[in-house]
>>> print(open('coords_11.cif').read())   # mmCIF, C-alpha atoms and all ligand atoms
data_structure
loop_
_atom_site.label_atom_id
_atom_site.label_comp_id
_atom_site.auth_asym_id
_atom_site.auth_seq_id
_atom_site.Cartn_x
_atom_site.Cartn_y
_atom_site.Cartn_z
CA MET A 19 63.61 61.73 79.96
CA VAL A 20 61.09 59.26 81.38
CA SER A 21 57.89 58.36 79.56
CA MET A 22 54.66 60.05 80.59
CA THR A 23 52.49 58.12 83.02
CA GLU A 24 49.83 59.45 85.31
CA ILE A 25 50.98 62.08 87.79
CA VAL A 26 49.36 61.93 91.23
CA VAL A 27 49.77 64.86 93.61
CA GLN A 28 49.12 64.35 97.32
CA ARG A 29 49.67 66.21 100.57
CA GLY A 30 52.95 65.06 102.16
CA PHE A 31 54.93 61.87 101.61
CA PRO A 32 55.68 58.75 103.69
CA GLU A 33 58.55 58.93 106.22
CA ALA A 34 60.38 56.22 104.27
CA LEU A 35 60.84 58.65 101.36
CA ARG A 36 62.82 61.33 103.24
CA SER A 37 66.08 60.50 101.40
CA GLU A 38 64.37 60.51 98.00
CA ALA A 39 62.81 63.87 98.84
CA ALA A 40 66.20 65.24 99.92
CA ALA A 41 67.79 64.04 96.69
CA ILE A 42 65.16 65.78 94.52
CA TYR A 43 65.40 69.01 96.48
CA ASP A 44 69.19 68.95 96.58
CA GLU A 45 69.51 68.25 92.86
CA ALA A 46 67.19 71.18 92.14
CA PHE A 47 68.80 73.67 94.53
CA ALA A 48 72.38 72.36 94.67
CA GLN A 49 73.84 75.60 93.42
CA GLN A 50 72.24 77.64 96.22
CA LEU A 51 72.40 75.01 98.96
CA SER A 52 76.04 74.07 98.35
CA ILE A 53 77.10 77.61 99.24
CA ALA A 54 75.66 77.02 102.69
CA VAL A 55 76.70 73.37 103.07
CA ARG A 56 79.51 72.23 100.76
CA ASN A 57 79.56 68.52 101.57
CA ASP A 58 76.95 66.61 99.50
CA THR A 59 76.33 63.92 102.12
CA ASP A 60 75.95 66.45 104.98
CA ARG A 61 73.63 68.60 102.89
CA ARG A 62 71.32 65.75 101.94
CA ALA A 63 71.27 64.41 105.51
CA LEU A 64 70.36 67.89 106.79
CA LEU A 65 67.53 68.19 104.27
CA ALA A 66 66.19 64.69 104.97
CA ALA A 67 66.13 65.44 108.70
CA ILE A 68 64.71 68.92 108.48
CA PHE A 69 61.77 68.37 106.09
CA ASP A 70 58.29 68.53 107.56
CA PRO A 71 56.28 66.59 104.94
CA HIS A 72 53.01 68.03 106.26
CA TYR A 73 53.98 71.35 104.68
CA CYS A 74 54.41 70.08 101.13
CA PHE A 75 52.61 68.62 98.17
CA ALA A 76 54.33 65.63 96.63
CA ALA A 77 54.02 64.37 93.04
CA PHE A 78 54.25 60.67 92.23
CA MET A 79 54.58 58.76 88.98
CA GLY A 80 53.58 55.25 90.00
CA ASP A 81 55.49 54.61 93.24
CA ARG A 82 58.23 57.08 92.46
CA LEU A 83 58.40 60.46 94.21
CA VAL A 84 59.14 62.91 91.39
CA GLY A 85 58.36 66.38 92.70
CA LEU A 86 57.82 68.53 95.77
CA ALA A 87 56.27 71.92 96.44
CA GLY A 88 56.97 73.30 99.91
CA MET A 89 54.89 75.71 101.95
CA HIS A 90 55.84 78.08 104.75
CA ALA A 91 53.05 78.86 107.20
CA GLU A 92 53.24 80.88 110.41
CA GLU A 93 53.24 77.69 112.50
CA GLY A 94 55.71 75.65 110.45
CA SER A 95 57.39 75.10 107.11
CA PHE A 96 58.65 72.39 104.79
CA THR A 97 62.36 73.18 105.01
CA GLY A 98 62.48 74.57 108.53
CA GLY A 99 63.39 77.88 106.96
CA LEU A 100 66.35 76.90 104.78
CA LEU A 101 65.04 78.58 101.64
CA SER A 102 62.27 80.71 103.03
CA GLY A 103 63.13 81.70 106.56
CA ARG A 104 65.69 81.48 109.30
CA PRO A 105 66.78 78.00 110.39
CA THR A 106 67.90 78.00 114.01
CA LEU A 107 71.64 78.06 114.59
CA GLY A 108 71.25 75.24 117.12
CA LEU A 109 69.76 72.98 114.49
CA LEU A 110 72.49 73.78 111.97
CA ARG A 111 75.15 73.29 114.64
CA SER A 112 73.86 69.87 115.57
CA HIS A 113 74.07 68.75 111.95
CA LEU A 114 77.14 70.59 110.72
CA GLY A 115 79.32 71.55 113.65
CA PRO A 116 79.94 75.15 114.82
CA VAL A 117 82.05 76.55 111.95
CA GLN A 118 80.00 75.16 109.05
CA ALA A 119 76.83 76.17 110.90
CA LEU A 120 77.80 79.85 110.88
CA ARG A 121 78.56 79.85 107.17
CA ALA A 122 75.29 78.01 106.50
CA ALA A 123 73.29 80.42 108.69
CA PHE A 124 74.67 83.41 106.77
CA ALA A 125 74.03 81.87 103.34
CA PHE A 126 70.51 80.76 104.28
CA SER A 127 69.72 84.20 105.71
CA MET A 128 69.79 85.56 102.13
CA HIS A 129 66.60 83.56 101.54
CA ARG A 130 64.76 84.80 104.62
CA ARG A 131 61.03 85.43 104.15
CA THR A 132 58.17 85.77 106.59
CA PRO A 133 54.69 84.58 105.73
CA GLN A 134 52.18 87.41 105.85
CA HIS A 135 48.61 87.10 106.94
CA ASN A 136 46.30 86.06 104.06
CA GLU A 137 49.00 84.59 101.88
CA LEU A 138 50.50 81.20 101.26
CA LEU A 139 54.28 81.52 101.08
CA MET A 140 56.03 78.87 99.03
CA ASP A 141 59.08 77.04 100.39
CA GLY A 142 60.66 75.76 97.18
CA ILE A 143 59.41 73.69 94.28
CA ALA A 144 61.51 70.96 92.72
CA VAL A 145 60.98 68.24 90.13
CA ALA A 146 63.40 65.34 89.52
CA GLU A 147 65.68 66.32 86.66
CA ASP A 148 64.67 63.50 84.30
CA CYS A 149 60.97 64.31 84.81
CA ARG A 150 61.00 68.05 84.07
CA GLY A 151 58.89 69.47 81.27
CA LEU A 152 56.12 66.86 81.78
CA GLY A 153 53.69 69.14 83.59
CA ILE A 154 54.57 68.04 87.14
CA GLY A 155 55.57 71.55 88.25
CA THR A 156 52.31 72.91 86.85
CA GLU A 157 50.30 70.25 88.77
CA LEU A 158 52.15 71.06 92.00
CA LEU A 159 51.48 74.79 91.58
CA GLY A 160 47.80 73.93 90.99
CA ALA A 161 47.74 72.02 94.30
CA ILE A 162 49.37 75.00 96.06
CA GLU A 163 46.78 77.37 94.60
CA ASN A 164 43.93 75.08 95.72
CA GLU A 165 45.40 74.92 99.21
CA ALA A 166 45.64 78.72 99.35
CA ARG A 167 41.99 78.90 98.29
CA ARG A 168 40.99 76.28 100.89
CA LEU A 169 42.73 78.34 103.58
CA GLY A 170 40.93 81.49 102.42
CA HIS A 171 44.18 83.23 101.43
CA ASP A 172 44.25 86.00 98.82
CA THR A 173 47.64 85.25 97.31
CA VAL A 174 50.43 82.74 96.83
CA ARG A 175 53.91 84.29 97.10
CA LEU A 176 57.30 83.00 96.01
CA ASN A 177 60.74 84.24 95.10
CA VAL A 178 62.70 83.43 91.99
CA THR A 179 66.30 84.37 91.29
CA ASP A 180 67.37 86.37 88.25
CA VAL A 181 69.21 83.36 86.78
CA ASN A 182 66.18 81.04 86.92
CA VAL A 183 64.56 82.15 83.68
CA GLY A 184 62.83 78.79 83.08
CA ALA A 185 61.06 78.69 86.44
CA ARG A 186 60.02 82.31 86.08
CA ALA A 187 58.45 81.54 82.68
CA LEU A 188 56.47 78.72 84.30
CA TYR A 189 55.25 81.00 87.13
CA GLU A 190 54.14 83.64 84.62
CA ARG A 191 52.34 81.01 82.56
CA VAL A 192 50.22 79.95 85.56
CA GLY A 193 49.45 83.56 86.51
CA PHE A 194 52.15 84.80 88.91
CA ARG A 195 53.17 88.46 88.50
CA GLU A 196 56.25 90.26 89.80
CA VAL A 197 55.42 92.55 92.73
CA ALA A 198 58.93 93.45 93.94
CA TYR A 199 62.55 93.00 92.95
CA ASP A 200 65.62 92.93 95.21
CA SER A 201 68.91 93.60 93.48
CA PHE A 202 72.21 92.68 95.14
CA PRO A 203 74.78 92.45 92.30
CA TYR A 204 77.68 92.55 94.81
CA MET A 205 76.52 89.12 96.07
CA ARG A 206 76.50 87.49 92.63
CA ARG A 207 79.94 85.95 93.03
CA PHE A 208 79.06 84.49 96.42
CA LEU A 209 75.48 83.40 95.76
CA GLY A 210 75.48 82.71 92.01
CA PHE A 211 72.64 85.18 91.51
CA GLY A 212 72.44 88.94 91.86
CA GLY A 213 68.73 89.56 92.28
CA SER A 214 65.48 87.98 93.33
CA ALA A 215 61.95 88.71 92.14
CA THR A 216 58.99 88.40 94.48
CA MET A 217 56.04 87.04 92.52
CA GLU A 218 52.42 86.70 93.57
CA LEU A 219 49.46 84.78 92.28
CA ALA A 220 46.05 86.24 93.03
CA VAL A 221 43.82 83.41 94.28
CA ASP A 222 40.28 83.76 93.03
CA ASP A 223 37.49 82.51 95.26
CA ARG A 224 35.98 79.96 92.87
CA THR A 225 35.14 76.71 94.61
C1 LIG B 301 60.97 74.80 87.92
C2 LIG B 301 60.52 73.33 87.93
C3 LIG B 301 59.95 72.99 89.29
C4 LIG B 301 59.44 73.17 86.88
O1 LIG B 301 58.92 71.85 86.95
P1 LIG B 301 58.44 71.08 85.64
O2 LIG B 301 57.77 69.83 86.07
O3 LIG B 301 59.55 70.96 84.68
O4 LIG B 301 57.35 72.11 85.09
P2 LIG B 301 56.26 71.87 83.95
O5 LIG B 301 56.60 70.66 83.16
O6 LIG B 301 54.91 71.94 84.56
O7 LIG B 301 56.43 73.17 83.11
C5 LIG B 301 57.59 73.28 82.29
C6 LIG B 301 58.02 74.69 82.30
O8 LIG B 301 58.94 74.90 83.37
C7 LIG B 301 59.98 75.73 82.92
N1 LIG B 301 61.25 75.04 83.17
C8 LIG B 301 62.18 75.50 84.01
N2 LIG B 301 63.23 74.71 84.04
C9 LIG B 301 62.96 73.66 83.23
C10 LIG B 301 63.66 72.48 82.85
N3 LIG B 301 64.90 72.23 83.30
N4 LIG B 301 63.08 71.61 81.99
C11 LIG B 301 61.84 71.86 81.51
N5 LIG B 301 61.13 72.97 81.84
C12 LIG B 301 61.67 73.86 82.69
C13 LIG B 301 59.75 76.06 81.46
O9 LIG B 301 59.17 77.36 81.45
C14 LIG B 301 58.72 75.06 81.02
O10 LIG B 301 57.81 75.66 80.15
P3 LIG B 301 57.43 74.95 78.75
O11 LIG B 301 56.84 73.61 79.13
O12 LIG B 301 56.46 75.89 78.16
O13 LIG B 301 58.74 74.83 78.04
C15 LIG B 301 61.68 72.38 87.59
O14 LIG B 301 62.26 72.80 86.38
C16 LIG B 301 62.78 72.34 88.65
O15 LIG B 301 62.74 71.53 89.56
N6 LIG B 301 63.79 73.21 88.50
C17 LIG B 301 64.90 73.27 89.46
C18 LIG B 301 64.44 73.88 90.77
C19 LIG B 301 63.92 75.27 90.60
O16 LIG B 301 64.46 76.07 89.86
N7 LIG B 301 62.82 75.56 91.34
C20 LIG B 301 62.21 76.87 91.31
C21 LIG B 301 62.91 77.81 92.22
S1 LIG B 301 62.14 79.39 92.26
#
>>> encode(input="coords_11.cif", output="structure tokens")
Amino acid sequence: MVSMTEIVVQRGFPEALRSEAAAIYDEAFAQQLSIAVRNDTDRRALLAAIFDPHYCFAAFMGDRLVGLAGMHAEEGSFTGGLLSGRPTLGLLRSHLGPVQALRAAFAFSMHRRTPQHNELLMDGIAVAEDCRGLGIGTELLGAIENEARRLGHDTVRLNVTDVNVGARALYERVGFREVAYDSFPYMRRFLGFGGSATMELAVDDRT
């Protein structure tokens, strides 16, 4: 665990930090992402290439990138759809080759979401493992809520799997409520989880 210094949250991150961002995201979602792309190096290279930093908030402690919260808008998204949409097969093929690309496309399709009008859809939130529990996730969610308010949206929406009890507790603490639940127990052995809750945060219009 690192010692607490000031956390600064900003929109996006410099190009030079793509690999650091991929490492944080991969460490956080390795279990889900490794089903789609088994090789660690390929997976991190795919993430580093695919990220669109404009669609995220990034948390820093000093110079160190320590957390990311992705967004998925109608016109673009942080992960190009890996965890909240449908990445194009062409893109996966160019990074992974034809066989791996098909497996990856199927696994990623389980995470498909489409942003609705008037909502900000999240595209993953991840904090470096040694910095968790310091309030960084809470700060990132605050930035997401402010962005939703700035855009005039009514809600922030995300999905959390049935095995991610810790993240769900955090979402409930900041005001998210479950609005739907998809159960697919037959996929548990393949995906590592057998259900996914859709949670929403109502964005009030305080300025
Ligand atoms: C979920 C996550 C982003 C939270 O970030 P964080 O900076 O640790 O969050 P905060 O410090 O603001 O809040 C801590 C809360 O997060 C939850 N939490 C989830 N996993 C945790 C972990 N490994 N360590 C500490 N807290 C965790 C707890 O509810 C905790 O509440 P508490 O402080 O009352 O005990 C972070 O744990 C993470 O990156 N997890 C892996 C990726 C992931 O699961 N993302 C969410 C997918 S839906």
>>> closest_residue(input="coords_11.cif", among="A:Thr216, A:Gly85, A:Ala76, A:Ala63", to="A:Asp148", atoms="all atoms listed in the file")
A:Gly85
>>> residues_near_ligand(input="coords_11.cif", ligand="ligand LIG 301 (chain B)", cutoff="10 Å", atoms="only C-alpha atoms and all ligand atoms", output="compact mmCIF listing (two decimals) with C-alpha atoms, in the coordinates of the input")
# COMPACT_ATOMS: atom_id res chain seq x y z
CA ILE A 42 65.16 65.78 94.52
CA TYR A 43 65.40 69.01 96.48
CA ASP A 44 69.19 68.95 96.58
CA GLU A 45 69.51 68.25 92.86
CA ALA A 46 67.19 71.18 92.14
CA PHE A 47 68.80 73.67 94.53
CA ALA A 48 72.38 72.36 94.67
CA GLN A 49 73.84 75.60 93.42
CA ALA A 77 54.02 64.37 93.04
CA VAL A 84 59.14 62.91 91.39
CA GLY A 85 58.36 66.38 92.70
CA LEU A 86 57.82 68.53 95.77
CA ALA A 87 56.27 71.92 96.44
CA LEU A 101 65.04 78.58 101.64
CA MET A 140 56.03 78.87 99.03
CA ASP A 141 59.08 77.04 100.39
CA GLY A 142 60.66 75.76 97.18
CA ILE A 143 59.41 73.69 94.28
CA ALA A 144 61.51 70.96 92.72
CA VAL A 145 60.98 68.24 90.13
CA ALA A 146 63.40 65.34 89.52
CA GLU A 147 65.68 66.32 86.66
CA ASP A 148 64.67 63.50 84.30
CA CYS A 149 60.97 64.31 84.81
CA ARG A 150 61.00 68.05 84.07
CA GLY A 151 58.89 69.47 81.27
CA LEU A 152 56.12 66.86 81.78
CA GLY A 153 53.69 69.14 83.59
CA ILE A 154 54.57 68.04 87.14
CA GLY A 155 55.57 71.55 88.25
CA THR A 156 52.31 72.91 86.85
CA GLU A 157 50.30 70.25 88.77
CA LEU A 158 52.15 71.06 92.00
CA LEU A 159 51.48 74.79 91.58
CA GLY A 160 47.80 73.93 90.99
CA LEU A 176 57.30 83.00 96.01
CA ASN A 177 60.74 84.24 95.10
CA VAL A 178 62.70 83.43 91.99
CA THR A 179 66.30 84.37 91.29
CA ASP A 180 67.37 86.37 88.25
CA VAL A 181 69.21 83.36 86.78
CA ASN A 182 66.18 81.04 86.92
CA VAL A 183 64.56 82.15 83.68
CA GLY A 184 62.83 78.79 83.08
CA ALA A 185 61.06 78.69 86.44
CA ARG A 186 60.02 82.31 86.08
CA ALA A 187 58.45 81.54 82.68
CA LEU A 188 56.47 78.72 84.30
CA TYR A 189 55.25 81.00 87.13
CA GLU A 190 54.14 83.64 84.62
CA ARG A 191 52.34 81.01 82.56
CA VAL A 192 50.22 79.95 85.56
CA SER A 214 65.48 87.98 93.33
CA ALA A 215 61.95 88.71 92.14
CA THR A 216 58.99 88.40 94.48
CA MET A 217 56.04 87.04 92.52
>>> closest_residue(input="coords_11.cif", among="A:Ala40, A:Leu51, A:Ala91, A:Leu120", to="A:Leu65", atoms="only C-alpha atoms")
A:Ala40
>>> closest_residue(input="coords_11.cif", among="A:Ser127, A:Gln134, A:Gln28, A:Ser95", to="A:Phe69", atoms="all atoms listed in the file")
A:Ser95
>>> atom_distance(input="coords_11.cif", atom1="atom CA of A:Thr97", atom2="atom CA of A:Gly80")
25.0 Å
>>> residues_around(input="coords_11.cif", residues="A:Gln50", least_positions_apart="6", cutoff="9 Å", atoms="all atoms listed in the file", output="list in words")
Ala125, Phe126, Leu209, Gly210 and Phe211 of chain A
>>> write_last_selection(input="coords_11.cif", atoms="C-alpha atoms", output="PDB file, in the frame of the given file")
ATOM      1  CA  ALA A 125      74.030  81.870 103.340  1.00  0.00           C
ATOM      2  CA  PHE A 126      70.510  80.760 104.280  1.00  0.00           C
ATOM      3  CA  LEU A 209      75.480  83.400  95.760  1.00  0.00           C
ATOM      4  CA  GLY A 210      75.480  82.710  92.010  1.00  0.00           C
ATOM      5  CA  PHE A 211      72.640  85.180  91.510  1.00  0.00           C
TER       6      PHE A 211
END
>>> residues_around(input="coords_11.cif", residues="stretch 167-169 of chain A", least_positions_apart="6", cutoff="10 Å", atoms="all atoms listed in the file", output="PyMOL selection string")
chain A and resi 136-138+161+220-225
>>> write_last_selection(input="coords_11.cif", atoms="C-alpha atoms", output="JSON list (two decimals), in the frame of the given file")
[["chain", "number", "residue", "atom", "x", "y", "z"],
["A", 136, "ASN", "CA", 46.30, 86.06, 104.06],
["A", 137, "GLU", "CA", 49.00, 84.59, 101.88],
["A", 138, "LEU", "CA", 50.50, 81.20, 101.26],
["A", 161, "ALA", "CA", 47.74, 72.02, 94.30],
["A", 220, "ALA", "CA", 46.05, 86.24, 93.03],
["A", 221, "VAL", "CA", 43.82, 83.41, 94.28],
["A", 222, "ASP", "CA", 40.28, 83.76, 93.03],
["A", 223, "ASP", "CA", 37.49, 82.51, 95.26],
["A", 224, "ARG", "CA", 35.98, 79.96, 92.87],
["A", 225, "THR", "CA", 35.14, 76.71, 94.61]]
>>> atom_distance(input="coords_11.cif", atom1="atom CA of A:His135", atom2="atom CA of A:His171")
8.1 Å
>>> atom_distance(input="coords_11.cif", atom1="atom CA of A:Glu38", atom2="atom CA of A:Ser52")
17.9 Å
>>> axis_aligned_box(input="coords_11.cif", around="stretch 52-59 of chain A", padding_each_side="6 Å", output="lines of an AutoDock Vina configuration file")
center_x = 77.6
center_y = 70.8
center_z = 100.7
size_x = 15.9
size_y = 25.7
size_z = 16.7
>>> closest_residue(input="coords_11.cif", among="A:Glu163, A:Phe96, A:Ser37, A:Arg207", to="A:Gly193", atoms="only C-alpha atoms")
A:Glu163
>>> closest_residue(input="coords_11.cif", among="A:Gly115, A:Pro133, A:Gly88, A:Gly212", to="A:Asp70", atoms="all atoms listed in the file")
A:Gly88
>>> closest_residue(input="coords_11.cif", among="A:Leu109, A:Gly30, A:Gly98, A:Arg56", to="A:His72", atoms="all atoms listed in the file")
A:Gly30
